[in-house]
Structure formats: C-alpha cells, structure tokens
Amino acid sequence: MTGLYIHIPWCERKCPYCDFNSHVRPDTINEEQYISRLVEDFQNEKSLTEFDVSSVYIGGGTPSLFHAESYRALFTGLGIGYDNEITLEANPGTIERDDFASYQSVGINRVSIGVQSFDPEHLRALGRIHSSQEAKDAIEQATRSGIQAINIDLMFGLPNQSIEQALHDLNMAIALDPTHISWYQLTIEPNTVFGRRPPLLTSDDYRAEMSERGIDLLAKQGYERYEVSAFAREGQVCKHNVNYWEFGDYIGIGAGAHGKLTTPNGIQRTRKPKQPDSYLRNSKRMVSEIATEDLSVEFMMNALRLKNGVPKQLFTQRTGLCLSIIEETISELVAEGVMQPDRLALTEFGYRHLDFAVGRFLHLDE
C-alpha cells in the first residue's frame, strides 16, 4: 500500500509564512505539458519499484490553478481509479478556474481548502488572496458539489491575534460543517519573508492556551483529534496523511516532490528537481538512504504524532529493526507517565510534551 503525492508548484502569490516549494505562476501555464511530465515521472517510478497506489494527494503551490480536465487526463495516464481517496488542495481565491462539481466529476473525492483565517486583517497579514466571504462561498460550493470529504485549513497564533479571534475563526469553520479541520499554529520558517522579517507574536503561554481552548471546542463539536493538528468527524480521517505518520511508503511526482520507499537494501528518500523548468526538462529522481541509526527516531517522530499511536509490531514491520533497541527508552517513558505500556503511544500528559518524548529517542546508538 503506497501513497502517491503529486506536486503542483505554482501559486498566485507566495505567502510570507510559506516554505513549501511554490513559485508565482507565469502569465500562462502549459497544463498539458506539466501533466504529460507527471505521467512520465510516474511511469519511471513504476519501472523502478513495484507498488499499488492506495491514496492520492495533490498539493502545492495551488493545485486548484489547474482545470478539472487536466486532472482527468492525469488520472487516465496514471491508471488511478475512482475507488482511491483523492485529495486536492484548493485556494478559495482560485476556484473560479473550475467549480468543485467539475473536480468531483473527474474523481476527486476530498478537498483541503486553505482558509487560514476568516478575519480580514489576519488574511491581509498572511498575504492571502481571498476574502472571508470567498472562503465561505468556496466551502459551501464544495459541500453542494457532492465531494465526500472537505477539510478546512486554519492557523492560530497569528500576529496580533487574540484567543477570542482564534476561537471565532474555529466557530465559523465549524458552522460550515466540514468533515475535517486542520488547526495548526503559525510557525516562523527561516527561508520565508516572515523568517527574514519576523512579525510580533504573542507569548508561548498565550498561544498554548489558545491551542488548548481550540482543541476543547473542536472536541465538544464532534471533531476527534487523531493527530497533533488534525481533527475529524467519525470515519473521516485523511488516509493519505495517516500513511505518512505510520511511516508508510509513498511516491512523489512533480517539481520538488519527495518520496519514501522501502527496498531490499534499506529505506530511501527520493526527491525531484525543485524548479519547474528544471523538472520539465528532467524528472530524474535523486535518492538518499536513511541511515540505520536515524530510523528509530524518524519512525517515532511520525508515529507519536498520532493520538492513539501505533501497535508495537509496526516498528519492526516498517523499519526492519528489532523493538529491543528502543525498549529501554520506552520503559523509562512509561515509568515517567509519558508513554502507554501496551503500544507505541503517548499518554495525555505525554502528548502535551511531544517534542520531549521524541527527543528521548535521539542518538540511541551513542
């Protein structure tokens, strides 16, 4: 079971907090040329590795810049069936390219709408191109389209944001009744506009309280927290992302796309050329091996993000390593009330101290 990540690298405007591989769109995008390269890239991957695609995630950039018919051609070229979970990231400011019904008609059954905030001042501070009303209109349109699963992306801890404003954003999202909400804190990344000119943020304690009150609100409204920043109605988790957190394999195609593959010789990371022009000329993958001494912490760093963790046997299944190499650390964390004894999962206390727990698995070979 292998996830397929497809990267669309263009967007209307680069947001000041964004460190993803995204590029301001040229006047015209040759969608047909890029789709053809994606199909070629996928076939190259198939010639090197045997896999069956279990889920598809189209991220960016802004994938809703591409027309629905381009995705129809892509799925036909990839041989992707309608029975897969197929997610499209969408920006409310670019939905005029095609409506959600058109995307649904070509097989897309899950959308993730990058709202970030419903507050006009916060939207301006984040460099978003849409208004609060456009965000609401896009979500309502997606709901009417028949798309089965709808996620709303929301940020908190924004410059000059109060707890009341953050909770107001959440309440507006909940009122639109999506199946899934991603609620995550703004982080300042080095290679961004905010990294070069950091905005003034509230204190860590204030943002922690903001987070806790938002989590409580989501729980009361029927959204179960299954990962640090992911909240879903019953049966509506994002299968593609769960595969990442369970340290599963995934293929990455598109400019700057990353992949992870288990091979007879070890576990590999793959990546494609970042610049769209370079990718269009050459989609050859670059490969690096994950060092054996790094596998334990990489696995735990992902698995412990899941609220219920994973079964212990998954550690050996996914890394090829014996559980005994981390058992001493697990026993210590269980004794400290940080980890559960019967599976690789954190307690409520441990989940509030995730970074501390993961840090304990660093440098186990030393």
# chains A, B, ... in the order shown; residues from 1 in each chain; ligands from 1
call {"tool": "select_by_dssp", "arguments": {"residues": "segment 77-319 of chain A", "states": "strand (DSSP E)", "output": "PyMOL selection string"}}
result
chain A and resi 85-90+110-116+149-156+180-185+224-227+230-232+249-254+258-263+266-271+286-289
call {"tool": "residues_around", "arguments": {"residues": "Cys11 of chain A", "least_positions_apart": "6", "cutoff": "9 Å", "atoms": "only C-alpha atoms", "output": "number ranges by chain"}}
result
A: 22-25, 60-63, 65
call {"tool": "residues_around", "arguments": {"residues": "segment 53-56 of chain A", "least_positions_apart": "4", "cutoff": "12 Å", "atoms": "only C-alpha atoms", "output": "NGL selection string"}}
result
:A and (1-7 or 42 or 45-46 or 49 or 71 or 74-75 or 78-89 or 107-111 or 238-244 or 248-253)
call {"tool": "residues_around", "arguments": {"residues": "Asp98 of chain A", "least_positions_apart": "3", "cutoff": "9 Å", "atoms": "only C-alpha atoms", "output": "PyMOL selection string"}}
result
chain A and resi 64-68+94-95+101-103
call {"tool": "residues_around", "arguments": {"residues": "Asn21 of chain A", "least_positions_apart": "2", "cutoff": "7 Å", "atoms": "only C-alpha atoms", "output": "ChimeraX atom specification"}}
result
/A:9,19,23,256,274
call {"tool": "closest_atom_pairs", "arguments": {"of": "segment 206-264 of chain A", "to": "segment 337-351 of chain A", "cutoff": "12 Å", "atoms": "only C-alpha atoms", "output": "Markdown table"}}
result
| residue | atom | partner | partner_atom | distance |
| --- | --- | --- | --- | --- |
| A:Arg225 | CA | A:Tyr351 | CA | 11.5 |
| A:Tyr226 | CA | A:Tyr351 | CA | 11.4 |
| A:Glu227 | CA | A:Tyr351 | CA | 10.0 |
| A:Val228 | CA | A:Tyr351 | CA | 8.4 |
| A:Ser229 | CA | A:Tyr351 | CA | 12.0 |
| A:Glu246 | CA | A:Leu344 | CA | 11.0 |
call {"tool": "atom_distance", "arguments": {"atom1": "atom CA of Ser211 of chain A", "atom2": "atom CA of Lys14 of chain A"}}
result
26.2 Å
call {"tool": "residues_around", "arguments": {"residues": "Arg207 of chain A", "least_positions_apart": "2", "cutoff": "10 Å", "atoms": "only C-alpha atoms", "output": "list in words"}}
result
Phe156, Gly157, Leu158, Gln161, Ser162, Ile163, Ala166, Gln185, Leu186, Leu201, Thr202, Ser203, Asp204, Asp205, Glu209, Met210, Ser211, Glu212 and Arg213 of chain A
call {"tool": "write_last_selection", "arguments": {"atoms": "all heavy atoms", "output": "short mmCIF file (atom, residue, chain, number, x, y, z; two decimals), in the first residue's frame"}}
result
data_model
loop_
_atom_site.label_atom_id
_atom_site.label_comp_id
_atom_site.auth_asym_id
_atom_site.auth_seq_id
_atom_site.Cartn_x
_atom_site.Cartn_y
_atom_site.Cartn_z
N PHE A 156 -3.60 29.31 13.86
CA PHE A 156 -3.78 30.14 15.04
C PHE A 156 -2.40 30.63 15.49
O PHE A 156 -1.37 30.23 14.94
CB PHE A 156 -4.49 29.39 16.17
CG PHE A 156 -3.70 28.26 16.78
CD1 PHE A 156 -2.86 28.48 17.87
CD2 PHE A 156 -3.80 26.97 16.28
CE1 PHE A 156 -2.13 27.45 18.43
CE2 PHE A 156 -3.07 25.92 16.85
CZ PHE A 156 -2.24 26.17 17.93
N GLY A 157 -2.39 31.53 16.47
CA GLY A 157 -1.13 32.13 16.89
C GLY A 157 -0.63 33.15 15.89
O GLY A 157 0.57 33.34 15.71
N LEU A 158 -1.57 33.84 15.22
CA LEU A 158 -1.22 34.81 14.19
C LEU A 158 -0.79 36.14 14.83
O LEU A 158 -1.09 36.41 16.00
CB LEU A 158 -2.43 35.04 13.28
CG LEU A 158 -3.06 33.78 12.67
CD1 LEU A 158 -4.24 34.17 11.79
CD2 LEU A 158 -2.03 32.97 11.90
N GLN A 161 -3.21 38.29 17.12
CA GLN A 161 -4.45 37.53 17.24
C GLN A 161 -4.76 37.24 18.71
O GLN A 161 -3.90 36.75 19.45
CB GLN A 161 -4.37 36.21 16.47
CG GLN A 161 -5.67 35.42 16.46
CD GLN A 161 -5.54 34.10 15.73
OE1 GLN A 161 -4.55 33.39 15.89
NE2 GLN A 161 -6.51 33.76 14.89
N SER A 162 -5.98 37.51 19.11
CA SER A 162 -6.41 37.19 20.47
C SER A 162 -7.01 35.79 20.50
O SER A 162 -7.35 35.22 19.45
CB SER A 162 -7.46 38.19 20.95
OG SER A 162 -8.66 38.03 20.20
N ILE A 163 -7.15 35.25 21.69
CA ILE A 163 -7.78 33.93 21.83
C ILE A 163 -9.21 33.98 21.31
O ILE A 163 -9.67 33.06 20.61
CB ILE A 163 -7.76 33.48 23.31
CG1 ILE A 163 -6.32 33.17 23.73
CG2 ILE A 163 -8.66 32.26 23.52
CD1 ILE A 163 -6.14 32.84 25.20
N ALA A 166 -9.19 33.76 17.53
CA ALA A 166 -8.87 32.41 17.07
C ALA A 166 -10.08 31.49 17.21
O ALA A 166 -10.40 30.70 16.30
CB ALA A 166 -7.68 31.85 17.86
N GLN A 185 -0.64 25.77 14.47
CA GLN A 185 -0.03 27.03 14.88
C GLN A 185 0.90 27.58 13.81
O GLN A 185 1.65 26.82 13.19
CB GLN A 185 0.75 26.82 16.19
CG GLN A 185 1.37 28.10 16.75
CD GLN A 185 1.97 27.86 18.13
OE1 GLN A 185 1.31 27.36 19.02
NE2 GLN A 185 3.23 28.22 18.30
N LEU A 186 0.83 28.89 13.59
CA LEU A 186 1.78 29.55 12.70
C LEU A 186 3.20 29.36 13.23
O LEU A 186 3.48 29.62 14.40
CB LEU A 186 1.47 31.04 12.61
CG LEU A 186 2.51 31.91 11.89
CD1 LEU A 186 2.60 31.55 10.41
CD2 LEU A 186 2.20 33.39 12.07
N LEU A 201 4.74 38.15 17.66
CA LEU A 201 3.77 37.14 18.07
C LEU A 201 3.54 37.22 19.57
O LEU A 201 4.38 37.73 20.32
CB LEU A 201 4.28 35.74 17.70
CG LEU A 201 4.57 35.48 16.22
CD1 LEU A 201 5.10 34.07 16.02
CD2 LEU A 201 3.31 35.70 15.36
N THR A 202 2.42 36.69 20.00
CA THR A 202 2.13 36.65 21.44
C THR A 202 3.02 35.60 22.11
O THR A 202 3.72 34.84 21.44
CB THR A 202 0.65 36.32 21.68
OG1 THR A 202 0.33 35.12 20.97
CG2 THR A 202 -0.23 37.45 21.19
N SER A 203 2.99 35.54 23.42
CA SER A 203 3.88 34.65 24.18
C SER A 203 3.54 33.18 23.93
O SER A 203 2.43 32.84 23.50
CB SER A 203 3.77 34.94 25.67
OG SER A 203 2.49 34.52 26.15
N ASP A 204 4.50 32.30 24.21
CA ASP A 204 4.28 30.86 24.08
C ASP A 204 3.12 30.40 24.95
O ASP A 204 2.30 29.57 24.53
CB ASP A 204 5.55 30.09 24.47
CG ASP A 204 6.67 30.27 23.46
OD1 ASP A 204 6.40 30.73 22.33
OD2 ASP A 204 7.83 29.95 23.80
N ASP A 205 3.04 30.92 26.17
CA ASP A 205 1.97 30.52 27.09
C ASP A 205 0.60 30.93 26.55
O ASP A 205 -0.38 30.18 26.67
CB ASP A 205 2.19 31.15 28.48
CG ASP A 205 3.35 30.51 29.23
OD1 ASP A 205 3.79 29.41 28.82
OD2 ASP A 205 3.81 31.10 30.22
N GLU A 209 -2.46 28.37 25.50
CA GLU A 209 -3.84 28.45 25.97
C GLU A 209 -4.81 28.52 24.79
O GLU A 209 -5.88 27.91 24.80
CB GLU A 209 -4.02 29.68 26.87
CG GLU A 209 -5.43 29.80 27.44
CD GLU A 209 -5.65 31.05 28.27
OE1 GLU A 209 -4.67 31.77 28.57
OE2 GLU A 209 -6.82 31.32 28.63
N MET A 210 -4.41 29.28 23.75
CA MET A 210 -5.22 29.37 22.54
C MET A 210 -5.43 27.99 21.94
O MET A 210 -6.55 27.60 21.56
CB MET A 210 -4.49 30.29 21.54
CG MET A 210 -5.27 30.68 20.31
SD MET A 210 -4.26 31.74 19.22
CE MET A 210 -4.14 33.26 20.17
N SER A 211 -4.34 27.21 21.88
CA SER A 211 -4.40 25.86 21.33
C SER A 211 -5.34 24.98 22.15
O SER A 211 -6.22 24.30 21.59
CB SER A 211 -3.00 25.25 21.30
OG SER A 211 -3.05 23.89 20.92
N GLU A 212 -5.18 24.97 23.47
CA GLU A 212 -5.98 24.11 24.33
C GLU A 212 -7.47 24.45 24.25
O GLU A 212 -8.32 23.55 24.19
CB GLU A 212 -5.50 24.22 25.78
CG GLU A 212 -4.15 23.56 26.03
CD GLU A 212 -4.15 22.08 25.69
OE1 GLU A 212 -5.14 21.38 26.03
OE2 GLU A 212 -3.19 21.60 25.06
N ARG A 213 -7.78 25.72 24.21
CA ARG A 213 -9.19 26.11 24.13
C ARG A 213 -9.79 25.74 22.78
O ARG A 213 -10.96 25.34 22.68
CB ARG A 213 -9.35 27.59 24.43
CG ARG A 213 -9.09 27.89 25.91
CD ARG A 213 -9.31 29.33 26.28
NE ARG A 213 -10.65 29.81 25.98
CZ ARG A 213 -11.04 31.06 26.22
NH1 ARG A 213 -10.20 31.94 26.77
NH2 ARG A 213 -12.27 31.45 25.91
#
call {"tool": "closest_residue", "arguments": {"among": "A:Ser105, A:Asn91, A:Asn30, A:Ser331", "to": "Ser145 of chain A", "atoms": "only C-alpha atoms"}}
result
A:Ser105
call {"tool": "atom_distance", "arguments": {"atom1": "atom CA of Leu200 of chain A", "atom2": "atom CA of Leu170 of chain A"}}
result
22.1 Å
call {"tool": "atom_distance", "arguments": {"atom1": "atom CA of Arg196 of chain A", "atom2": "atom CA of Val115 of chain A"}}
result
23.9 Å
call {"tool": "select_by_dssp", "arguments": {"residues": "segment 64-180 of chain A", "states": "alpha helix (DSSP H)", "output": "PyMOL selection string"}}
result
chain A and resi 68-78+100-105+120-125+132-145+163-175
call {"tool": "residues_around", "arguments": {"residues": "Thr292 of chain A", "least_positions_apart": "3", "cutoff": "9 Å", "atoms": "only C-alpha atoms", "output": "PyMOL selection string"}}
result
chain A and resi 266-267+289+295-296+319+321
